[in-house]
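To be precise, the following lines are data-v3.pdb, and they hold PDB, C-alpha atoms.
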```
ATOM      1  CA  MET A   1     154.282 136.766  46.527
ATOM      2  CA  THR A   2     154.021 133.590  48.564
ATOM      3  CA  VAL A   3     152.932 133.490  52.182
ATOM      4  CA  ARG A   4     154.308 130.900  54.612
ATOM      5  CA  ARG A   5     151.662 129.619  56.964
ATOM      6  CA  ARG A   6     152.448 127.457  59.972
ATOM      7  CA  PHE A   7     149.916 125.106  61.469
ATOM      8  CA  ALA A   8     149.727 122.110  63.777
ATOM      9  CA  SER A   9     149.128 118.714  62.255
ATOM     10  CA  VAL A  10     148.018 115.719  64.327
ATOM     11  CA  ASN A  11     148.896 112.129  63.486
ATOM     12  CA  GLU A  12     145.347 110.987  64.197
ATOM     13  CA  ALA A  13     146.152 107.280  64.013
ATOM     14  CA  GLN A  14     148.610 107.586  66.925
ATOM     15  CA  CYS A  15     146.873 110.292  68.981
ATOM     16  CA  VAL A  16     145.792 109.049  72.416
ATOM     17  CA  ALA A  17     143.154 111.791  72.787
ATOM     18  CA  CYS A  18     144.374 112.787  76.261
ATOM     19  CA  GLY A  19     143.635 116.463  75.686
ATOM     20  CA  SER A  20     146.958 117.853  76.957
ATOM     21  CA  CYS A  21     147.045 120.036  73.852
ATOM     22  CA  ILE A  22     143.683 121.682  74.586
ATOM     23  CA  LYS A  23     144.891 123.339  77.762
ATOM     24  CA  VAL A  24     147.985 124.937  76.267
ATOM     25  CA  CYS A  25     146.494 126.258  73.016
ATOM     26  CA  PRO A  26     146.304 130.064  73.245
ATOM     27  CA  LYS A  27     143.810 130.231  70.358
ATOM     28  CA  GLU A  28     141.499 127.407  71.434
ATOM     29  CA  ALA A  29     142.219 125.892  68.046
ATOM     30  CA  ILE A  30     142.518 122.260  69.102
ATOM     31  CA  HIS A  31     139.796 119.960  70.381
ATOM     32  CA  VAL A  32     139.135 116.297  71.028
ATOM     33  CA  PRO A  33     135.466 116.152  70.063
ATOM     34  CA  ASN A  34     134.985 112.428  69.615
ATOM     35  CA  GLY A  35     137.455 110.891  72.072
ATOM     36  CA  VAL A  36     139.409 109.343  69.219
ATOM     37  CA  SER A  37     141.929 112.020  68.301
ATOM     38  CA  ALA A  38     142.674 115.721  68.531
ATOM     39  CA  ILE A  39     141.474 117.907  65.675
ATOM     40  CA  VAL A  40     143.015 121.236  64.705
ATOM     41  CA  ASP A  41     140.908 124.161  63.531
ATOM     42  CA  LEU A  42     143.140 125.477  60.757
ATOM     43  CA  LEU A  43     141.355 128.820  60.680
ATOM     44  CA  LYS A  44     142.314 129.476  64.300
ATOM     45  CA  CYS A  45     145.706 127.736  64.492
ATOM     46  CA  VAL A  46     148.741 130.019  64.290
ATOM     47  CA  GLY A  47     151.299 127.215  64.425
ATOM     48  CA  CYS A  48     152.884 128.395  67.660
ATOM     49  CA  GLY A  49     153.912 124.829  68.506
ATOM     50  CA  LEU A  50     152.830 124.814  72.150
ATOM     51  CA  CYS A  51     150.600 121.780  71.581
ATOM     52  CA  ALA A  52     153.415 119.879  69.869
ATOM     53  CA  LYS A  53     155.697 120.626  72.793
ATOM     54  CA  GLU A  54     153.109 119.441  75.319
ATOM     55  CA  CYS A  55     151.824 116.335  73.506
ATOM     56  CA  PRO A  56     152.968 113.335  75.605
ATOM     57  CA  ALA A  57     152.706 110.997  72.628
ATOM     58  CA  SER A  58     154.638 113.407  70.366
ATOM     59  CA  VAL A  59     152.111 113.037  67.571
ATOM     60  CA  ILE A  60     151.710 116.734  66.749
ATOM     61  CA  GLU A  61     154.059 118.443  64.336
ATOM     62  CA  ILE A  62     154.174 121.949  62.972
ATOM     63  CA  LYS A  63     153.914 122.059  59.224
ATOM     64  CA  VAL A  64     154.675 124.983  56.982
ATOM     65  CA  HIS A  65     152.470 125.556  53.991
ATOM     66  CA  GLN A  66     153.404 127.994  51.268
ATOM     67  CA  GLU A  67     150.531 129.650  49.512
ATOM     68  CA  GLU A  68     150.089 132.583  47.190
ATOM     69  CA  SER A  69     148.828 135.731  48.833
ATOM     70  CA  MET A  70     145.234 136.753  48.242
ATOM     71  CA  LYS A  71     146.403 139.641  46.056
ATOM     72  CA  GLU A  72     148.358 137.329  43.760
ATOM     73  CA  GLN A  73     145.445 134.929  43.517
ATOM     74  CA  VAL A  74     143.080 137.722  42.470
ATOM     75  CA  LYS A  75     145.561 138.907  39.836
ATOM     76  CA  GLY A  76     145.717 135.273  38.780
TER      77      GLY A  76
ATOM     78  CA  MET B   1     147.117 135.155  74.571
ATOM     79  CA  LYS B   2     143.702 135.028  76.160
ATOM     80  CA  ASN B   3     143.632 135.241  79.923
ATOM     81  CA  LYS B   4     141.787 132.020  80.647
ATOM     82  CA  LYS B   5     139.644 131.942  83.744
ATOM     83  CA  LYS B   6     140.281 128.889  85.888
ATOM     84  CA  ARG B   7     137.434 126.388  86.053
ATOM     85  CA  TRP B   8     136.509 124.313  89.092
ATOM     86  CA  TYR B   9     137.726 121.088  87.468
ATOM     87  CA  GLU B  10     141.239 122.475  87.096
ATOM     88  CA  TYR B  11     141.674 121.954  90.838
ATOM     89  CA  LEU B  12     140.868 118.231  90.803
ATOM     90  CA  TRP B  13     144.575 117.458  91.201
ATOM     91  CA  ILE B  14     144.088 118.353  94.880
ATOM     92  CA  ILE B  15     141.700 115.411  95.256
ATOM     93  CA  SER B  16     144.148 113.067  93.519
ATOM     94  CA  ALA B  17     146.962 114.150  95.812
ATOM     95  CA  ALA B  18     144.714 113.947  98.886
ATOM     96  CA  TYR B  19     143.617 110.446  97.868
ATOM     97  CA  LEU B  20     147.196 109.173  97.936
ATOM     98  CA  VAL B  21     147.873 110.813 101.292
ATOM     99  CA  LEU B  22     144.647 109.549 102.897
ATOM    100  CA  GLY B  23     145.636 105.978 102.013
ATOM    101  CA  PHE B  24     148.438 106.299 104.544
ATOM    102  CA  PHE B  25     145.982 107.138 107.318
ATOM    103  CA  ASN B  26     142.974 104.959 106.603
ATOM    104  CA  ILE B  27     142.990 102.396 103.838
ATOM    105  CA  LEU B  28     139.204 102.498 103.506
ATOM    106  CA  PHE B  29     139.526 105.824 101.651
ATOM    107  CA  ALA B  30     140.826 103.698  98.765
ATOM    108  CA  TRP B  31     137.226 102.942  97.819
ATOM    109  CA  ILE B  32     136.822 106.547  96.655
ATOM    110  CA  GLY B  33     139.247 105.723  93.834
ATOM    111  CA  LEU B  34     136.521 103.718  92.123
ATOM    112  CA  ILE B  35     135.234 107.080  90.877
ATOM    113  CA  CYS B  36     138.296 107.246  88.596
ATOM    114  CA  PHE B  37     137.285 103.918  87.091
ATOM    115  CA  VAL B  38     133.547 104.366  86.789
ATOM    116  CA  VAL B  39     133.212 108.006  85.661
ATOM    117  CA  PRO B  40     135.489 107.804  82.553
ATOM    118  CA  LEU B  41     133.687 104.653  81.442
ATOM    119  CA  LEU B  42     130.254 106.206  81.964
ATOM    120  CA  ILE B  43     131.267 109.342  80.033
ATOM    121  CA  SER B  44     132.750 107.424  77.108
ATOM    122  CA  ILE B  45     129.809 105.024  76.930
ATOM    123  CA  GLY B  46     127.179 107.722  77.399
ATOM    124  CA  LYS B  47     128.667 110.676  75.545
ATOM    125  CA  GLY B  48     131.196 108.981  73.255
ATOM    126  CA  ASN B  49     134.061 111.268  74.228
ATOM    127  CA  LYS B  50     137.045 111.468  76.551
ATOM    128  CA  ALA B  51     135.895 114.463  78.585
ATOM    129  CA  TYR B  52     137.229 112.764  81.717
ATOM    130  CA  CYS B  53     140.804 112.611  80.356
ATOM    131  CA  ASN B  54     140.488 116.011  78.685
ATOM    132  CA  ARG B  55     139.118 117.906  81.680
ATOM    133  CA  TYR B  56     138.501 116.026  84.890
ATOM    134  CA  CYS B  57     141.463 113.689  85.370
ATOM    135  CA  GLY B  58     143.091 114.839  88.600
ATOM    136  CA  ARG B  59     146.062 112.560  88.069
ATOM    137  CA  GLY B  60     146.823 114.073  84.665
ATOM    138  CA  GLN B  61     146.603 117.524  86.222
ATOM    139  CA  LEU B  62     148.916 116.451  89.035
ATOM    140  CA  PHE B  63     151.552 115.217  86.580
ATOM    141  CA  ASP B  64     151.137 118.412  84.578
ATOM    142  CA  LEU B  65     151.681 120.471  87.697
ATOM    143  CA  LEU B  66     154.718 118.508  88.864
ATOM    144  CA  GLY B  67     156.274 118.267  85.427
ATOM    145  CA  ASN B  68     155.555 121.719  84.049
ATOM    146  CA  LYS B  69     155.060 124.089  86.987
ATOM    147  CA  LEU B  70     157.593 122.472  89.313
ATOM    148  CA  GLY B  71     159.909 121.517  86.454
ATOM    149  CA  LEU B  72     160.343 117.906  87.512
ATOM    150  CA  SER B  73     160.084 116.564  83.968
ATOM    151  CA  ARG B  74     162.904 116.208  81.436
ATOM    152  CA  LYS B  75     160.270 116.839  78.714
ATOM    153  CA  LYS B  76     161.788 114.314  76.324
ATOM    154  CA  ASP B  77     159.853 112.358  73.721
ATOM    155  CA  ILE B  78     158.421 109.062  74.911
ATOM    156  CA  PRO B  79     159.910 105.990  73.159
ATOM    157  CA  ALA B  80     157.878 105.019  70.097
ATOM    158  CA  PHE B  81     157.166 101.515  71.398
ATOM    159  CA  ILE B  82     155.239 102.876  74.414
ATOM    160  CA  ARG B  83     152.795 104.732  72.181
ATOM    161  CA  SER B  84     152.333 101.766  69.863
ATOM    162  CA  SER B  85     148.975 100.024  69.897
ATOM    163  CA  TRP B  86     150.395  96.666  70.928
ATOM    164  CA  PHE B  87     152.018  98.170  74.013
ATOM    165  CA  ARG B  88     148.958 100.227  74.967
ATOM    166  CA  TYR B  89     146.499  97.360  74.548
ATOM    167  CA  GLY B  90     149.006  94.896  75.994
ATOM    168  CA  PHE B  91     149.388  97.039  79.096
ATOM    169  CA  LEU B  92     145.601  97.341  79.341
ATOM    170  CA  LEU B  93     145.307  93.553  79.213
ATOM    171  CA  PHE B  94     148.028  93.142  81.828
ATOM    172  CA  PHE B  95     146.394  95.780  84.022
ATOM    173  CA  LEU B  96     142.992  94.107  83.753
ATOM    174  CA  THR B  97     144.539  90.715  84.562
ATOM    175  CA  MET B  98     146.155  92.113  87.689
ATOM    176  CA  PHE B  99     142.878  93.841  88.582
ATOM    177  CA  GLY B 100     141.079  90.509  88.180
ATOM    178  CA  ASN B 101     143.704  88.905  90.392
ATOM    179  CA  MET B 102     143.034  91.539  93.037
ATOM    180  CA  LEU B 103     139.288  90.858  92.813
ATOM    181  CA  PHE B 104     139.978  87.135  93.228
ATOM    182  CA  THR B 105     142.005  87.805  96.374
ATOM    183  CA  THR B 106     139.058  89.856  97.649
ATOM    184  CA  TYR B 107     136.764  86.917  96.870
ATOM    185  CA  LEU B 108     139.019  84.533  98.804
ATOM    186  CA  VAL B 109     138.716  86.765 101.865
ATOM    187  CA  PHE B 110     134.950  87.046 101.306
ATOM    188  CA  SER B 111     134.628  83.260 101.184
ATOM    189  CA  GLU B 112     136.922  82.943 104.218
ATOM    190  CA  VAL B 113     139.477  80.812 102.355
ATOM    191  CA  HIS B 114     142.153  83.057 103.734
ATOM    192  CA  GLY B 115     142.246  85.958 106.143
ATOM    193  CA  LEU B 116     142.783  89.652 105.611
ATOM    194  CA  ARG B 117     146.239  90.581 104.336
ATOM    195  CA  GLU B 118     147.181  94.045 105.482
ATOM    196  CA  ILE B 119     149.677  94.727 102.748
ATOM    197  CA  VAL B 120     149.988  97.027  99.765
ATOM    198  CA  LYS B 121     151.621  95.470  96.722
ATOM    199  CA  ILE B 122     153.710  98.012  94.848
ATOM    200  CA  LEU B 123     154.473  97.432  91.164
ATOM    201  CA  TRP B 124     152.647  94.078  91.484
ATOM    202  CA  THR B 125     155.753  92.704  93.201
ATOM    203  CA  PHE B 126     156.829  94.374  96.420
ATOM    204  CA  LYS B 127     154.665  93.574  99.436
ATOM    205  CA  VAL B 128     154.740  96.490 101.837
ATOM    206  CA  PRO B 129     153.179  96.041 105.311
ATOM    207  CA  TRP B 130     150.380  98.619 105.547
ATOM    208  CA  SER B 131     148.652  97.700 108.816
ATOM    209  CA  PHE B 132     149.279 101.232 110.113
ATOM    210  CA  ALA B 133     146.448 102.393 107.849
ATOM    211  CA  TYR B 134     143.892  99.931 109.185
ATOM    212  CA  HIS B 135     142.555 100.418 112.674
ATOM    213  CA  GLY B 136     139.883  97.726 112.761
ATOM    214  CA  THR B 137     136.313  98.535 111.926
ATOM    215  CA  ALA B 138     132.913  96.889 111.797
ATOM    216  CA  ILE B 139     133.283  96.709 108.027
ATOM    217  CA  ALA B 140     133.448  93.236 106.432
ATOM    218  CA  PRO B 141     137.028  91.964 105.913
ATOM    219  CA  TRP B 142     136.538  91.548 102.153
ATOM    220  CA  MET B 143     135.759  95.254 101.866
ATOM    221  CA  VAL B 144     138.979  96.064 103.672
ATOM    222  CA  GLN B 145     140.878  93.586 101.468
ATOM    223  CA  PHE B 146     139.472  95.289  98.382
ATOM    224  CA  ALA B 147     140.647  98.640  99.764
ATOM    225  CA  PHE B 148     144.208  97.304 100.197
ATOM    226  CA  GLY B 149     144.136  95.819  96.699
ATOM    227  CA  PHE B 150     142.656  98.873  95.061
ATOM    228  CA  TYR B 151     145.062 101.220  96.784
ATOM    229  CA  SER B 152     147.887  98.994  95.502
ATOM    230  CA  VAL B 153     146.580  99.494  91.958
ATOM    231  CA  MET B 154     146.300 103.254  92.389
ATOM    232  CA  LEU B 155     149.686 103.647  94.070
ATOM    233  CA  THR B 156     151.406 101.448  91.487
ATOM    234  CA  SER B 157     149.957 103.382  88.575
ATOM    235  CA  THR B 158     150.894 106.677  90.231
ATOM    236  CA  ILE B 159     154.493 105.496  90.684
ATOM    237  CA  LEU B 160     154.678 104.416  87.037
ATOM    238  CA  GLY B 161     153.180 107.756  86.028
ATOM    239  CA  LEU B 162     155.710 109.645  88.140
ATOM    240  CA  ILE B 163     158.630 107.714  86.634
ATOM    241  CA  THR B 164     157.515 108.407  83.065
ATOM    242  CA  MET B 165     156.694 112.008  84.001
ATOM    243  CA  ILE B 166     160.286 112.518  85.120
ATOM    244  CA  LEU B 167     161.865 110.648  82.199
ATOM    245  CA  TYR B 168     159.644 111.913  79.398
ATOM    246  CA  LYS B 169     156.877 114.547  79.141
ATOM    247  CA  PRO B 170     154.706 115.466  82.149
ATOM    248  CA  ARG B 171     151.605 113.597  81.022
ATOM    249  CA  SER B 172     153.396 110.558  79.578
ATOM    250  CA  TRP B 173     151.228 108.338  81.766
ATOM    251  CA  CYS B 174     148.270 109.346  79.570
ATOM    252  CA  VAL B 175     149.911 107.563  76.623
ATOM    253  CA  TYR B 176     149.566 104.121  78.220
ATOM    254  CA  CYS B 177     146.959 104.782  80.937
ATOM    255  CA  PRO B 178     144.673 101.720  80.850
ATOM    256  CA  MET B 179     141.570 103.832  81.481
ATOM    257  CA  GLY B 180     142.555 106.179  78.648
ATOM    258  CA  THR B 181     143.148 103.255  76.287
ATOM    259  CA  MET B 182     139.854 101.664  77.291
ATOM    260  CA  THR B 183     137.808 104.863  76.913
ATOM    261  CA  GLN B 184     139.460 105.666  73.582
ATOM    262  CA  GLY B 185     138.594 102.135  72.444
ATOM    263  CA  ILE B 186     134.977 102.718  73.453
ATOM    264  CA  CYS B 187     134.954 106.057  71.595
ATOM    265  CA  LYS B 188     136.381 104.353  68.482
ATOM    266  CA  LEU B 189     133.541 101.856  68.618
ATOM    267  CA  LYS B 190     130.996 104.630  69.107
ATOM    268  CA  ASN B 191     132.450 106.896  66.392
ATOM    269  CA  PRO B 192     133.755 104.425  63.778
ATOM    270  CA  CYS B 193     133.543 106.878  60.853
ATOM    271  CA  LYS B 194     135.789 109.398  62.613
ATOM    272  CA  ILE B 195     138.872 107.160  62.681
ATOM    273  CA  ASN B 196     141.492 108.220  60.182
ATOM    274  CA  LYS B 197     143.523 105.325  58.817
TER     275      LYS B 197
END
```
File written out as C-alpha cells:
Amino acid sequence: MTVRRRFASVNEAQCVACGSCIKVCPKEAIHVPNGVSAIVDLLKCVGCGLCAKECPASVIEIKVHQEESMKEQVKG
Amino acid sequence: MKNKKKRWYEYLWIISAAYLVLGFFNILFAWIGLICFVVPLLISIGKGNKAYCNRYCGRGQLFDLLGNKLGLSRKKDIPAFIRSSWFRYGFLLFFLTMFGNMLFTTYLVFSEVHGLREIVKILWTFKVPWSFAYHGTAIAPWMVQFAFGFYSVMLTSTILGLITMILYKPRSWCVYCPMGTMTQGICKLKNPCKINK
C-alpha cells in the first residue's frame, strides 16, 4: 500500500527570506534561519499549503510524494 | 491549529502607520524612520539573519493587515520579472542612487548653496508642497531638509508597497524591498555555504 504525503517545497534560489510563511504555518514547520531562504521541516510539515498561498514571491509549492507504508516496508 | 499567543512585535504595524501620519503634522518625526534602515542592517551584519523582516518589520505587518485582514489585496502572483535578481538588485541600486541624491540635497542646504525646500517628492517625480508640516524650529535647516527628503523616501516606498499589495499578494513589497534585498545579500555573504544553487 502506498501513502501519499504532501509537503511544502521552497525554491531556495528565488526565496526572498521575508518570513511571511513563518507566521501562517500552523505547525511551525517553516523557518528562515540564515536570512537566505526559508527551510521546511519535513517532519512537521503537513502540506496544508498556507505558506504557498501567502508567499509574496510565489516560490513555495506543495509537492506530493508517494511512499510505501511502514507495514509494506517491513514486509519488504 | 495551535492558538498562538500574540507577541509584542506583532503590533509594530501601529508604529509604521503612526509614522506616516505624524509626517503630516511635523516633518521632523521623519528622522525616526532611520530606525528602519539601521536596525535591519545591524541585525544582518551582527546575527547573519533577517529577523527584522521576519518579525519586526512594521511595514510588512501593515501590508499583511490591509491585504489579508481587510481584504484589500487581489492575492495574485507577482510577475516573475519583479522577483528576478536583476530587478531586485537593480531596484536596490536605483533606490540607493536616489537616497544619495537626497543626501546631496541635504548637503547643499548644509553648505548654504541653496535654501530649505519644504516639499515632499512622491515617486521621485511629483513635488508636493509640505510646508504645513514644518512650523519653524531652532533646528539646523539641513536637518529639516533631511527630514523632508527622508519622508519622501518612506512615503514613496509605502505607496509602491500599497500598489503592489493591492495588485498582487499583501507582502509583495517584501519581494523588491531594498532593505530586504540588502540584508539578504549580507546574509548570503555571511552564510555562503547555505546558498542552494
For this session: Kindly resolve the PyMOL selection byres ((chain A and resi 58) around 10) on the present coordinates and return the residues as a VMD selection string.
Result: (chain A and resid 10 to 11 14 to 15 51 to 57 59 to 61) or (chain B and resid 76 to 80 83 169 172 175)
If you count only C-alpha atoms, which residues fall within 10 Å of Ser131 in chain B, apart from same-chain ones fewer than 6 positions away, as a tab-separated table (two decimals) with C-alpha atoms, in the frame of the given file?
```tsv
chain	number	residue	atom	x	y	z
B	24	PHE	CA	148.44	106.30	104.54
B	25	PHE	CA	145.98	107.14	107.32
B	26	ASN	CA	142.97	104.96	106.60
B	27	ILE	CA	142.99	102.40	103.84
B	117	ARG	CA	146.24	90.58	104.34
B	118	GLU	CA	147.18	94.04	105.48
B	119	ILE	CA	149.68	94.73	102.75
B	120	VAL	CA	149.99	97.03	99.76
B	148	PHE	CA	144.21	97.30	100.20
```
Please report, as a tab-separated table, each residue of chain A lying at most 6 Å from chain B, together with the nearest pair of atoms and the separation in Å rounded to one decimal; use only C-alpha atoms, and order rows by chain and ascending residue number.
```
residue	atom	partner	partner_atom	distance
A:Cys18	CA	B:Cys53	CA	5.4
A:Gly19	CA	B:Asn54	CA	4.4
A:Pro26	CA	B:Met1	CA	5.3
A:Asn34	CA	B:Asn49	CA	4.8
A:Gly35	CA	B:Asn49	CA	4.0
A:Val36	CA	B:Gln184	CA	5.7
A:Pro56	CA	B:Ser172	CA	4.9
A:Ala57	CA	B:Val175	CA	6.0
```
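Going from CA of Leu50 in chain A to CA of Ile14 in chain B covers 25.2 Å.
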Exercise. Could you state the separation of CA of Leu116 in chain B and CA of Tyr151 in chain B in Å, given to one decimal place?
Worked result: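 Atom-to-atom, CA of Leu116 in chain B to CA of Tyr151 in chain B, that is 14.7 Å.
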Problem set entry | Residue nearest Met179 in chain B among B:Ile122, B:Ile32, B:Leu20, B:Val38 (counting only C-alpha atoms) | B:Val38
Edge lengths and centre, in Å to one decimal, as lines of an AutoDock Vina configuration file: that's what I need for the box along x, y and z that holds all listed atoms of range 30-43 of chain A plus 6 Å on each side.
```
center_x = 139.1
center_y = 119.1
center_z = 66.4
size_x = 20.2
size_y = 31.5
size_z = 23.4
```
For this session: Pull out every residue that the PyMOL selection byres ((chain A and resi 67) around 7) matches in the shown coordinates and put them as number ranges by chain.
Result: A: 2-4, 65-66, 68-69
For this session: Find the distance between CA of Leu28 in chain B and CA of Ala138 in chain B and write it in Å to one decimal.
Result: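 For CA of Leu28 in chain B relative to CA of Ala138 in chain B, the distance reads 11.8 Å.
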For this session: On this file, the PyMOL selection byres ((chain A and resi 42-44) around 9) gives some set of residues; write that set as a list in words.
Result: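 On this input, the PyMOL selection byres ((chain A and resi 42-44) around 9) captures Phe7, Ala8, Lys27, Glu28, Ala29, Ile30, Val40, Asp41, Cys45 and Val46 of chain A.
Using only C-alpha atoms, the residues found no farther than 12 Å from Thr105 in chain B, other than those of its own chain fewer than 4 positions away, are B:Met98, B:Phe99, B:Gly100, B:Asn101, B:Val109, B:Phe110, B:Ser111, B:Glu112, B:Val113, B:His114, B:Gly115, B:Leu116, B:Arg117, B:Pro141, B:Trp142, B:Met143, B:Val144, B:Gln145, B:Phe146, B:Ala147, B:Phe148, B:Gly149, B:Phe150.
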Problem set entry | Among the residues B:Ala133, B:Leu62, B:Ile139, B:Leu160, the one that comes closest to Ala30 in chain B [using only C-alpha atoms] | B:Ala133
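Look at Ala38 in chain A: the protein and nucleic acid residues within 6 Å of it, using only C-alpha atoms and passing over chain neighbours fewer than 2 places away, are Ala17, His31 and Val32 of chain A.
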